[in-house]
>>> print(open('start.txt').read())   # compact mmCIF, C-alpha atoms
# COMPACT_ATOMS: atom_id res chain seq x y z
CA MET A 1 -103.89 -95.18 -268.11
CA PRO A 2 -106.52 -92.62 -267.16
CA LYS A 3 -106.02 -90.64 -263.95
CA ALA A 4 -108.42 -91.17 -261.08
CA ALA A 5 -111.00 -88.45 -260.74
CA LYS A 6 -110.22 -85.98 -257.93
CA ALA A 7 -112.86 -84.53 -255.65
CA SER A 8 -113.38 -80.88 -256.46
CA LYS A 9 -112.35 -78.46 -253.74
CA LYS A 10 -114.93 -75.99 -252.53
CA SER A 11 -114.04 -72.38 -252.13
CA GLY A 12 -113.51 -71.15 -248.59
CA GLY A 13 -116.06 -68.36 -248.88
CA GLY A 14 -119.05 -70.35 -247.60
CA ASN A 15 -120.76 -70.18 -244.21
CA PRO A 16 -118.28 -71.56 -241.61
CA TYR A 17 -121.21 -73.21 -239.79
CA ASP A 18 -122.55 -75.16 -242.78
CA ARG A 19 -122.20 -78.94 -242.75
CA LYS A 20 -119.82 -80.29 -245.36
CA GLY A 21 -120.12 -83.68 -246.98
CA GLY A 22 -117.95 -86.50 -245.65
CA GLY A 23 -116.82 -89.84 -247.09
CA GLY A 24 -119.42 -92.30 -248.37
CA GLY A 25 -121.95 -89.53 -248.99
CA LYS A 26 -122.80 -89.29 -245.28
CA ALA A 27 -123.00 -85.78 -243.85
CA THR A 28 -120.70 -85.05 -240.92
CA ASN A 29 -120.53 -81.99 -238.76
CA THR A 30 -117.24 -80.19 -239.38
CA ASN A 31 -118.11 -76.79 -237.90
CA ILE A 32 -115.19 -74.53 -237.07
CA PHE A 33 -116.41 -74.75 -233.49
CA LYS A 34 -119.34 -76.14 -231.64
CA PHE A 35 -121.72 -73.76 -229.90
CA ASP A 36 -121.45 -74.10 -226.13
CA LYS A 37 -124.83 -74.45 -224.40
CA ASP A 38 -123.16 -73.77 -221.05
CA PHE A 39 -122.57 -70.23 -222.33
CA GLY A 40 -126.13 -69.96 -223.63
CA GLN A 41 -124.88 -69.65 -227.22
CA HIS A 42 -127.81 -69.34 -229.60
CA ILE A 43 -126.77 -67.17 -232.54
CA LEU A 44 -129.40 -64.83 -233.96
CA LYS A 45 -129.46 -65.56 -237.69
CA ASN A 46 -132.40 -63.41 -238.85
CA PRO A 47 -130.94 -60.12 -240.21
CA GLY A 48 -134.29 -58.37 -239.88
CA ILE A 49 -134.35 -58.91 -236.14
CA SER A 50 -130.72 -57.79 -235.81
CA ASP A 51 -131.68 -54.58 -237.64
CA ALA A 52 -134.71 -54.05 -235.40
CA ILE A 53 -132.70 -54.43 -232.17
CA VAL A 54 -130.20 -51.80 -233.28
CA ASP A 55 -132.93 -49.52 -234.67
CA LYS A 56 -134.83 -49.58 -231.35
CA ALA A 57 -131.73 -48.27 -229.56
CA PHE A 58 -131.95 -45.06 -231.64
CA LEU A 59 -128.17 -44.82 -231.77
CA LYS A 60 -126.40 -41.53 -232.43
CA PRO A 61 -123.09 -41.11 -234.31
CA THR A 62 -121.47 -40.06 -231.00
CA ASP A 63 -122.69 -43.07 -228.99
CA VAL A 64 -120.51 -45.67 -227.31
CA VAL A 65 -122.29 -49.02 -227.27
CA VAL A 66 -121.63 -52.02 -225.06
CA GLU A 67 -122.74 -55.36 -226.48
CA VAL A 68 -122.80 -58.38 -224.17
CA GLY A 69 -122.35 -61.71 -225.93
CA PRO A 70 -121.75 -60.57 -229.54
CA GLY A 71 -121.52 -64.12 -230.86
CA THR A 72 -120.45 -64.02 -234.50
CA GLY A 73 -121.19 -60.31 -234.81
CA ASN A 74 -124.57 -60.15 -236.55
CA ILE A 75 -125.79 -57.35 -234.25
CA THR A 76 -122.30 -55.94 -233.74
CA VAL A 77 -121.77 -55.00 -237.38
CA ARG A 78 -125.07 -53.12 -237.53
CA ALA A 79 -124.26 -51.20 -234.36
CA LEU A 80 -120.79 -50.31 -235.69
CA GLU A 81 -122.39 -48.75 -238.75
CA LYS A 82 -124.37 -46.30 -236.58
CA ALA A 83 -122.31 -45.68 -233.43
CA LYS A 84 -118.95 -44.11 -232.67
CA LYS A 85 -117.64 -47.23 -230.95
CA VAL A 86 -118.81 -50.71 -229.91
CA ILE A 87 -117.30 -52.50 -226.91
CA ALA A 88 -118.11 -56.20 -227.30
CA ILE A 89 -117.79 -58.25 -224.09
CA GLU A 90 -117.46 -61.95 -224.83
CA LEU A 91 -116.77 -64.89 -222.50
CA ASP A 92 -115.81 -67.36 -225.24
CA PRO A 93 -112.43 -66.54 -226.88
CA ARG A 94 -113.52 -68.33 -230.06
CA MET A 95 -116.45 -65.97 -230.46
CA GLY A 96 -114.23 -62.98 -229.66
CA ALA A 97 -111.93 -64.00 -232.51
CA GLU A 98 -114.88 -64.55 -234.83
CA VAL A 99 -116.40 -61.09 -234.29
CA THR A 100 -112.96 -59.49 -234.72
CA LYS A 101 -112.43 -61.36 -238.00
CA ARG A 102 -115.88 -60.23 -239.15
CA VAL A 103 -114.76 -56.61 -239.53
CA GLN A 104 -111.03 -57.16 -240.09
CA GLY A 105 -109.69 -55.05 -242.94
CA THR A 106 -112.78 -52.78 -243.03
CA PRO A 107 -113.26 -49.20 -241.76
CA LEU A 108 -115.42 -50.63 -238.97
CA ALA A 109 -112.46 -52.46 -237.40
CA LYS A 110 -111.07 -49.35 -235.68
CA LYS A 111 -114.44 -48.72 -234.02
CA LEU A 112 -114.57 -52.17 -232.39
CA GLU A 113 -113.08 -53.14 -229.03
CA VAL A 114 -113.41 -56.74 -227.85
CA ILE A 115 -113.09 -57.53 -224.14
CA LEU A 116 -112.76 -61.20 -223.21
CA GLY A 117 -114.30 -62.01 -219.84
CA ASP A 118 -117.43 -62.41 -217.74
CA VAL A 119 -119.34 -59.13 -217.67
CA ILE A 120 -120.96 -60.04 -214.34
CA LYS A 121 -117.60 -60.58 -212.63
CA MET A 122 -116.18 -57.31 -213.90
CA PRO A 123 -115.83 -54.69 -211.12
CA GLU A 124 -117.60 -52.19 -213.36
CA MET A 125 -119.28 -52.30 -216.74
CA PRO A 126 -117.59 -49.96 -219.24
CA PRO A 127 -119.33 -46.54 -219.40
CA CYS A 128 -121.64 -46.40 -222.40
CA ASP A 129 -124.60 -44.63 -223.97
CA ALA A 130 -126.41 -47.81 -225.00
CA LEU A 131 -126.41 -51.47 -224.03
CA ILE A 132 -127.52 -54.16 -226.47
CA SER A 133 -127.49 -57.92 -226.06
CA ASN A 134 -128.82 -61.25 -227.23
CA THR A 135 -128.55 -62.14 -223.57
CA PRO A 136 -127.36 -65.58 -222.43
CA TYR A 137 -130.17 -66.80 -220.19
CA GLN A 138 -127.84 -67.52 -217.24
CA ILE A 139 -127.00 -63.85 -216.77
CA SER A 140 -130.36 -62.25 -217.57
CA SER A 141 -131.16 -60.93 -214.09
CA PRO A 142 -127.56 -60.19 -213.02
CA LEU A 143 -126.99 -58.14 -216.18
CA ILE A 144 -130.04 -55.98 -215.48
CA PHE A 145 -129.14 -55.46 -211.82
CA LYS A 146 -125.54 -54.63 -212.72
CA MET A 147 -126.72 -52.04 -215.26
CA LEU A 148 -129.23 -50.45 -212.89
CA ALA A 149 -126.62 -50.26 -210.10
CA MET A 150 -124.22 -48.26 -212.29
CA PRO A 151 -123.64 -44.68 -211.02
CA ASN A 152 -124.19 -43.49 -214.60
CA PRO A 153 -126.25 -46.13 -216.39
CA PRO A 154 -126.66 -46.11 -220.19
CA ARG A 155 -129.35 -44.01 -221.79
CA VAL A 156 -131.05 -47.08 -223.19
CA ALA A 157 -130.76 -50.87 -223.22
CA VAL A 158 -132.30 -53.10 -225.88
CA LEU A 159 -132.06 -56.67 -224.64
CA MET A 160 -133.36 -60.04 -225.77
CA PHE A 161 -134.44 -62.57 -223.13
CA GLN A 162 -136.36 -65.79 -222.82
CA ARG A 163 -140.06 -64.96 -223.10
CA GLU A 164 -141.08 -65.79 -219.53
CA PHE A 165 -138.25 -63.69 -218.13
CA ALA A 166 -139.23 -60.77 -220.37
CA LYS A 167 -142.81 -61.04 -219.13
CA ARG A 168 -141.57 -60.78 -215.56
CA LEU A 169 -139.87 -57.51 -216.43
CA VAL A 170 -143.13 -55.88 -217.53
CA ALA A 171 -145.45 -57.63 -215.03
CA ARG A 172 -147.77 -55.46 -212.93
CA PRO A 173 -149.23 -55.92 -209.41
CA GLY A 174 -151.60 -58.86 -209.38
CA ASP A 175 -150.00 -60.58 -212.39
CA ALA A 176 -148.88 -64.19 -211.90
CA LEU A 177 -145.27 -63.30 -212.84
CA TYR A 178 -145.10 -60.14 -210.69
CA SER A 179 -141.93 -60.41 -208.60
CA ARG A 180 -139.06 -58.61 -206.92
CA LEU A 181 -137.47 -58.27 -210.36
CA SER A 182 -140.60 -56.57 -211.75
CA VAL A 183 -140.63 -53.96 -208.97
CA ASN A 184 -136.89 -53.25 -209.13
CA VAL A 185 -136.73 -52.78 -212.88
CA ASN A 186 -139.76 -50.50 -213.03
CA PHE A 187 -138.61 -48.51 -210.00
CA TRP A 188 -135.19 -47.69 -211.42
CA ALA A 189 -136.16 -47.57 -215.11
CA THR A 190 -138.97 -47.66 -217.63
CA CYS A 191 -139.41 -50.97 -219.40
CA LYS A 192 -141.31 -51.66 -222.62
CA HIS A 193 -141.89 -54.83 -224.62
CA ILE A 194 -140.66 -54.44 -228.21
CA MET A 195 -141.28 -57.67 -230.10
CA LYS A 196 -141.52 -61.44 -229.98
CA VAL A 197 -138.79 -63.59 -231.52
CA GLY A 198 -139.47 -67.20 -232.47
CA LYS A 199 -136.90 -69.88 -231.69
CA GLN A 200 -136.50 -70.68 -235.40
CA ASN A 201 -134.56 -67.40 -235.73
CA PHE A 202 -131.57 -68.84 -233.82
CA LYS A 203 -128.85 -71.36 -234.52
CA PRO A 204 -129.01 -73.73 -232.79
CA PRO A 205 -132.68 -73.09 -231.92
CA PRO A 206 -133.35 -72.80 -228.17
CA LYS A 207 -136.11 -74.73 -226.44
CA VAL A 208 -138.16 -71.60 -225.68
CA GLU A 209 -139.33 -68.44 -227.44
CA SER A 210 -137.69 -65.06 -226.87
CA ASP A 211 -138.76 -61.43 -226.52
CA VAL A 212 -136.97 -58.10 -226.94
CA VAL A 213 -137.45 -55.35 -224.35
CA ARG A 214 -136.31 -51.74 -224.22
CA ILE A 215 -135.16 -50.43 -220.82
CA GLU A 216 -134.47 -46.76 -220.14
CA PRO A 217 -132.78 -46.27 -216.73
CA LEU A 218 -133.83 -43.20 -214.79
CA VAL A 219 -131.02 -40.65 -214.54
CA GLY A 220 -130.40 -37.29 -212.90
CA SER A 221 -133.23 -35.87 -210.82
CA ALA A 222 -135.56 -38.61 -212.07
CA ARG A 223 -133.46 -41.33 -210.41
CA PRO A 224 -134.71 -42.22 -206.89
CA ASN A 225 -132.36 -40.92 -204.19
CA ILE A 226 -132.25 -44.30 -202.44
CA ALA A 227 -129.52 -46.92 -202.13
CA PHE A 228 -130.21 -49.80 -204.49
CA GLU A 229 -129.22 -52.36 -201.83
CA GLU A 230 -131.71 -50.87 -199.35
CA PHE A 231 -134.68 -51.01 -201.68
CA ASP A 232 -133.78 -54.47 -202.93
CA GLY A 233 -133.23 -55.69 -199.36
CA LEU A 234 -136.79 -54.72 -198.44
CA LEU A 235 -138.16 -56.37 -201.58
CA ARG A 236 -136.33 -59.62 -200.85
CA ILE A 237 -138.15 -59.87 -197.51
CA ALA A 238 -141.51 -58.88 -198.96
CA PHE A 239 -141.32 -61.34 -201.87
CA ASN A 240 -139.83 -64.21 -199.88
CA ARG A 241 -143.41 -65.53 -199.88
CA LYS A 242 -145.30 -63.09 -202.05
CA ASN A 243 -148.71 -64.53 -201.08
CA LYS A 244 -148.11 -64.17 -197.33
CA THR A 245 -148.99 -60.92 -195.66
CA LEU A 246 -146.23 -58.37 -195.16
CA TYR A 247 -146.80 -58.72 -191.42
CA ALA A 248 -145.95 -62.42 -191.61
CA GLY A 249 -142.92 -61.77 -193.80
CA PHE A 250 -141.37 -59.11 -191.58
CA ASN A 251 -141.98 -61.09 -188.39
CA GLN A 252 -139.93 -64.10 -189.45
CA LYS A 253 -137.17 -64.93 -186.98
CA GLU A 254 -134.39 -64.43 -189.53
CA VAL A 255 -135.76 -61.03 -190.55
CA LEU A 256 -136.11 -59.86 -186.94
CA ASN A 257 -132.52 -60.92 -186.19
CA MET A 258 -131.19 -59.09 -189.26
CA CYS A 259 -133.14 -55.92 -188.44
CA GLU A 260 -131.90 -56.04 -184.84
CA ARG A 261 -128.27 -56.19 -185.97
CA ASN A 262 -128.76 -53.34 -188.42
CA TYR A 263 -130.59 -51.26 -185.80
CA LYS A 264 -127.67 -51.62 -183.39
CA VAL A 265 -125.28 -50.41 -186.11
CA TYR A 266 -127.60 -47.48 -186.86
CA CYS A 267 -127.72 -46.49 -183.18
CA THR A 268 -123.95 -46.73 -182.84
CA LEU A 269 -123.35 -44.54 -185.90
CA ASN A 270 -125.85 -41.96 -184.67
CA SER A 271 -124.80 -42.03 -180.98
CA ILE A 272 -128.22 -43.25 -179.88
CA PRO A 273 -128.14 -45.08 -176.53
CA ILE A 274 -129.83 -48.49 -176.51
CA ASP A 275 -130.73 -50.86 -173.71
CA GLU A 276 -129.17 -54.25 -174.46
CA SER A 277 -130.09 -55.77 -171.11
CA LEU A 278 -132.15 -58.94 -171.03
CA ALA A 279 -135.89 -58.59 -171.24
CA SER A 280 -137.81 -59.55 -168.12
CA ALA A 281 -140.74 -61.93 -168.07
CA ALA A 282 -143.02 -58.92 -167.79
CA ASP A 283 -141.42 -57.32 -170.87
CA LEU A 284 -141.87 -60.52 -172.88
CA ALA A 285 -145.46 -60.91 -171.73
CA ALA A 286 -146.27 -57.32 -172.68
CA ALA A 287 -144.65 -57.70 -176.10
CA GLY A 288 -146.46 -60.97 -176.72
CA ALA A 289 -149.84 -59.55 -175.76
CA THR A 290 -149.57 -56.81 -178.38
CA THR A 291 -148.77 -59.19 -181.23
CA ASP A 292 -150.68 -62.41 -180.50
CA ALA A 293 -153.94 -61.04 -181.84
CA MET A 294 -152.26 -59.87 -185.06
CA ASP A 295 -150.49 -63.23 -185.45
CA VAL A 296 -153.78 -65.10 -185.45
CA GLU A 297 -155.59 -62.62 -187.67
CA MET A 298 -152.85 -62.13 -190.27
CA ASP A 299 -151.34 -65.60 -190.55
CA ASP A 300 -154.63 -67.48 -190.80
CA ASP A 301 -156.15 -65.11 -193.35
CA ASN A 302 -156.50 -66.80 -196.75
CA GLU A 303 -154.27 -69.70 -195.68
CA ASP A 304 -155.63 -71.92 -198.43
CA ASN A 305 -154.66 -69.37 -201.09
CA ASP A 306 -151.15 -69.14 -199.61
CA ASN A 307 -150.58 -72.89 -199.71
CA GLU A 308 -151.90 -73.09 -203.26
CA GLU A 309 -149.18 -70.81 -204.66
CA ASN A 310 -146.25 -71.50 -202.32
CA ASN A 311 -144.60 -73.98 -204.70
CA ASP A 312 -144.59 -71.40 -207.51
CA ASP A 313 -143.10 -68.83 -205.16
CA GLU A 314 -140.28 -71.14 -204.10
CA ALA A 315 -139.36 -71.94 -207.71
CA MET A 316 -139.33 -68.29 -208.72
CA GLU A 317 -137.31 -67.16 -205.70
CA GLU A 318 -134.75 -69.92 -206.24
CA GLU A 319 -134.41 -68.79 -209.86
CA GLU A 320 -133.97 -65.15 -208.82
CA ASP A 321 -131.32 -66.11 -206.24
CA GLU A 322 -129.35 -68.01 -208.90
CA GLU A 323 -129.50 -65.04 -211.27
CA MET A 324 -128.59 -62.43 -208.67
CA PRO A 325 -125.25 -60.63 -209.19
CA VAL A 326 -122.38 -62.04 -207.13
CA PHE A 327 -121.67 -58.66 -205.50
CA PHE A 328 -125.21 -58.63 -203.98
CA LYS A 329 -125.61 -62.36 -203.44
CA GLU A 330 -122.46 -62.79 -201.34
CA GLN A 331 -123.64 -60.11 -198.93
CA ASN A 332 -127.12 -61.59 -198.65
CA ASP A 333 -125.78 -65.13 -198.23
CA ALA A 334 -123.55 -63.96 -195.40
CA ASN A 335 -126.45 -62.22 -193.69
CA ALA A 336 -128.68 -65.26 -194.14
CA LYS A 337 -126.05 -67.57 -192.66
CA ASP A 338 -125.69 -65.38 -189.59
CA ALA A 339 -129.44 -64.97 -189.24
CA LYS A 340 -130.11 -68.72 -189.35
CA THR A 341 -127.64 -69.40 -186.55
CA PRO A 342 -129.85 -69.93 -183.51
CA SER A 343 -129.10 -67.61 -180.64
CA LYS A 344 -128.33 -69.23 -177.27
CA ASN A 345 -129.01 -65.95 -175.47
CA PRO A 346 -132.38 -64.84 -174.12
CA LYS A 347 -134.14 -61.97 -175.85
CA SER A 348 -132.81 -58.50 -175.16
CA LYS A 349 -134.87 -55.39 -174.73
CA VAL A 350 -133.54 -54.00 -178.00
CA ALA A 351 -134.96 -57.04 -179.82
CA LEU A 352 -138.41 -56.21 -178.47
CA ILE A 353 -137.96 -52.57 -179.48
CA VAL A 354 -137.08 -53.57 -183.05
CA LYS A 355 -140.09 -55.87 -183.34
CA ALA A 356 -142.35 -53.13 -182.01
CA LYS A 357 -140.94 -50.66 -184.55
CA LEU A 358 -141.50 -53.09 -187.43
CA ASN A 359 -145.10 -53.70 -186.47
CA LYS A 360 -145.69 -50.00 -185.83
CA VAL A 361 -144.59 -49.17 -189.38
CA LEU A 362 -146.68 -51.95 -190.91
CA THR A 363 -149.75 -50.79 -189.00
CA ASN A 364 -149.30 -47.06 -189.63
CA THR A 365 -148.78 -47.54 -193.37
CA GLU A 366 -151.85 -49.82 -193.50
CA LEU A 367 -149.81 -52.45 -195.32
CA ALA A 368 -149.64 -55.13 -192.64
CA ASP A 369 -152.39 -57.26 -194.16
CA LYS A 370 -151.38 -56.72 -197.79
CA ARG A 371 -149.35 -59.17 -199.84
CA ALA A 372 -146.32 -58.30 -201.92
CA ARG A 373 -148.06 -59.39 -205.12
CA GLN A 374 -150.72 -56.71 -204.46
CA CYS A 375 -148.31 -53.83 -203.75
CA ASP A 376 -146.97 -51.32 -206.26
CA GLN A 377 -143.80 -49.22 -206.26
CA ASN A 378 -145.40 -46.48 -204.16
CA ASP A 379 -146.40 -48.97 -201.47
CA PHE A 380 -142.86 -50.31 -201.17
CA LEU A 381 -141.36 -46.82 -201.21
CA LYS A 382 -143.77 -45.66 -198.50
CA LEU A 383 -142.84 -48.70 -196.43
CA LEU A 384 -139.08 -48.17 -196.85
CA LEU A 385 -139.23 -44.49 -195.89
CA ALA A 386 -141.34 -45.30 -192.81
CA PHE A 387 -138.84 -47.95 -191.73
CA HIS A 388 -135.97 -45.48 -192.18
CA GLU A 389 -137.74 -42.98 -189.93
CA GLU A 390 -137.69 -45.64 -187.22
CA GLY A 391 -134.01 -46.45 -187.83
CA ILE A 392 -134.72 -49.80 -189.51
CA HIS A 393 -132.46 -50.64 -192.47
CA PHE A 394 -132.04 -53.64 -194.78
CA SER A 395 -128.47 -53.53 -196.09
>>> encode(input="start.txt", output="structure tokens")
Amino acid sequence: MPKAAKASKKSGGGNPYDRKGGGGGKATNTNIFKFDKDFGQHILKNPGISDAIVDKAFLKPTDVVVEVGPGTGNITVRALEKAKKVIAIELDPRMGAEVTKRVQGTPLAKKLEVILGDVIKMPEMPPCDALISNTPYQISSPLIFKMLAMPNPPRVAVLMFQREFAKRLVARPGDALYSRLSVNVNFWATCKHIMKVGKQNFKPPPKVESDVVRIEPLVGSARPNIAFEEFDGLLRIAFNRKNKTLYAGFNQKEVLNMCERNYKVYCTLNSIPIDESLASAADLAAAGATTDAMDVEMDDDNEDNDNEENNDDEAMEEEEDEEMPVFFKEQNDANAKDAKTPSKNPKSKVALIVKAKLNKVLTNTELADKRARQCDQNDFLKLLLAFHEEGIHFS
């Protein structure tokens, strides 16, 4: 009696992500693991783009490279061939095992270190000469801020982002996508667009197109001698409604309360006496008389234009808040919570002094009637230094 025909076994050397045939001739998905969209896993499958990302980092044989989100190692292997060491930081243990297996038994294995964890929650990013990443979209902004806040940032970063986010990085004053992120990145680094990457180059393909940018953080004497939190604190106020005047932005109740608290701390640290007694009716009347005219002139100017773009502003600011690193966001959330708590006490004289100082700086710098979307780095720097001269701080 003839033996029943047996299905031939395929060799195990194929692509682990290919679909294999199931019973009845119907294809079933038997991937080793399923890509997790919550982690933003879209694996770059085009070897030419992987080569270009590594090439644009201009790696040296002595370089230590940090790669965030190595996936299955398509970029990792190319970086290992050119650098002294690659530190791959991966949130998904399955991917960490996959990239390790990719170089197992080869000379490249001893040059690879895999760290399992969330790079944003790490106290510090490992010191490195270059940073490369096919960046998960959820951590795009936090990753940039974390890199720029490093005491010794890498020489270069070549990063891939969703296209709209990449455009925000290189936006200029007056552009629709010009934002707090645009100012920060170009204040602390130089940023250049490298290339566009179509969604068909990924597996699974994302819903949007991507771009690659090259960021070179300023180091040494070229790095601004200013606290990152201070500069970013000022920008958060200015871009809270980027189409409102700076005068309107800095005269919001929450901003005035925050500046008053910080001014008291500044005076205490510098042994400057302040009058915390309650303001009299005459004091309030005098303070009101000096600002009423500006309130009418500034707030009503181009009101139609403000209302037209407010919805876009709110969406962008909400997105930036979600992307902000935890170590900055927690501080700002705490400040915002305190600031929004209505005070049951009458105004003090120091509150009037702080408001007068704010408006004095805005007037003297001739920026009171400008909008954040119109200002460049020099405008914001001039504003911050003028505020510091008056003892006004934002962190």
>>> closest_residue(input="start.txt", among="A:Val65, A:Ile272, A:Glu113, A:Cys259", to="A:Ala356", atoms="only C-alpha atoms")
A:Cys259
>>> closest_residue(input="start.txt", among="A:Glu230, A:Pro70, A:Arg180, A:Phe165", to="A:Asn134", atoms="all atoms listed in the file")
A:Pro70
>>> closest_residue(input="start.txt", among="A:Thr245, A:Val183, A:Asp275, A:Tyr137", to="A:Ser210", atoms="only C-alpha atoms")
A:Tyr137
>>> residues_near_point(input="start.txt", point="(-131.8, -58.6, -234.3)", cutoff="12 Å", atoms="all atoms listed in the file", output="VMD selection string")
chain A and resid 43 to 57 70 73 to 79 132 to 135 158 to 160 194 to 198 201 to 202 210 to 213
>>> write_last_selection(input="start.txt", atoms="C-alpha atoms", output="mmCIF file, keeping the file's coordinate frame")
data_model
loop_
_atom_site.group_PDB
_atom_site.id
_atom_site.type_symbol
_atom_site.label_atom_id
_atom_site.label_comp_id
_atom_site.auth_asym_id
_atom_site.auth_seq_id
_atom_site.Cartn_x
_atom_site.Cartn_y
_atom_site.Cartn_z
ATOM 1 C CA ILE A 43 -126.770 -67.170 -232.540
ATOM 2 C CA LEU A 44 -129.400 -64.830 -233.960
ATOM 3 C CA LYS A 45 -129.460 -65.560 -237.690
ATOM 4 C CA ASN A 46 -132.400 -63.410 -238.850
ATOM 5 C CA PRO A 47 -130.940 -60.120 -240.210
ATOM 6 C CA GLY A 48 -134.290 -58.370 -239.880
ATOM 7 C CA ILE A 49 -134.350 -58.910 -236.140
ATOM 8 C CA SER A 50 -130.720 -57.790 -235.810
ATOM 9 C CA ASP A 51 -131.680 -54.580 -237.640
ATOM 10 C CA ALA A 52 -134.710 -54.050 -235.400
ATOM 11 C CA ILE A 53 -132.700 -54.430 -232.170
ATOM 12 C CA VAL A 54 -130.200 -51.800 -233.280
ATOM 13 C CA ASP A 55 -132.930 -49.520 -234.670
ATOM 14 C CA LYS A 56 -134.830 -49.580 -231.350
ATOM 15 C CA ALA A 57 -131.730 -48.270 -229.560
ATOM 16 C CA PRO A 70 -121.750 -60.570 -229.540
ATOM 17 C CA GLY A 73 -121.190 -60.310 -234.810
ATOM 18 C CA ASN A 74 -124.570 -60.150 -236.550
ATOM 19 C CA ILE A 75 -125.790 -57.350 -234.250
ATOM 20 C CA THR A 76 -122.300 -55.940 -233.740
ATOM 21 C CA VAL A 77 -121.770 -55.000 -237.380
ATOM 22 C CA ARG A 78 -125.070 -53.120 -237.530
ATOM 23 C CA ALA A 79 -124.260 -51.200 -234.360
ATOM 24 C CA ILE A 132 -127.520 -54.160 -226.470
ATOM 25 C CA SER A 133 -127.490 -57.920 -226.060
ATOM 26 C CA ASN A 134 -128.820 -61.250 -227.230
ATOM 27 C CA THR A 135 -128.550 -62.140 -223.570
ATOM 28 C CA VAL A 158 -132.300 -53.100 -225.880
ATOM 29 C CA LEU A 159 -132.060 -56.670 -224.640
ATOM 30 C CA MET A 160 -133.360 -60.040 -225.770
ATOM 31 C CA ILE A 194 -140.660 -54.440 -228.210
ATOM 32 C CA MET A 195 -141.280 -57.670 -230.100
ATOM 33 C CA LYS A 196 -141.520 -61.440 -229.980
ATOM 34 C CA VAL A 197 -138.790 -63.590 -231.520
ATOM 35 C CA GLY A 198 -139.470 -67.200 -232.470
ATOM 36 C CA ASN A 201 -134.560 -67.400 -235.730
ATOM 37 C CA PHE A 202 -131.570 -68.840 -233.820
ATOM 38 C CA SER A 210 -137.690 -65.060 -226.870
ATOM 39 C CA ASP A 211 -138.760 -61.430 -226.520
ATOM 40 C CA VAL A 212 -136.970 -58.100 -226.940
ATOM 41 C CA VAL A 213 -137.450 -55.350 -224.350
#
>>> residues_around(input="start.txt", residues="stretch 87-91 of chain A", least_positions_apart="3", cutoff="10 Å", atoms="all atoms listed in the file", output="ChimeraX atom specification")
/A:39,64-71,73,76,80,94-97,99-100,111-119,125-128,131-133
>>> atom_distance(input="start.txt", atom1="atom CA of A:Gly220", atom2="atom CA of A:Arg172")
25.1 Å
>>> closest_residue(input="start.txt", among="A:Phe228, A:Val170, A:Pro205, A:Met122", to="A:Lys192", atoms="only C-alpha atoms")
A:Val170
>>> closest_residue(input="start.txt", among="A:Leu181, A:Val255, A:Ile392, A:Leu381", to="A:Leu367", atoms="all atoms listed in the file")
A:Leu381
>>> closest_residue(input="start.txt", among="A:Arg223, A:Lys349, A:Lys60, A:Lys84", to="A:Lys264", atoms="all atoms listed in the file")
A:Lys349
>>> residues_around(input="start.txt", residues="A:Cys191", least_positions_apart="3", cutoff="9 Å", atoms="all atoms listed in the file", output="list in words")
Leu169, Val170, Val185, Asn186, Val213, Arg214, Ile215, Glu216 and Pro217 of chain A
>>> residues_around(input="start.txt", residues="A:Pro61", least_positions_apart="5", cutoff="9 Å", atoms="all atoms listed in the file", output="compact mmCIF listing (two decimals) with C-alpha atoms, in the coordinates of the input")
# COMPACT_ATOMS: atom_id res chain seq x y z
CA GLU A 81 -122.39 -48.75 -238.75
CA LYS A 82 -124.37 -46.30 -236.58
CA ALA A 83 -122.31 -45.68 -233.43
CA LYS A 84 -118.95 -44.11 -232.67
CA LYS A 85 -117.64 -47.23 -230.95
>>> residues_around(input="start.txt", residues="A:Pro224", least_positions_apart="5", cutoff="10 Å", atoms="all atoms listed in the file", output="list in words")
Phe187, Trp188, Ala189, Leu218, Val219 and Leu381 of chain A
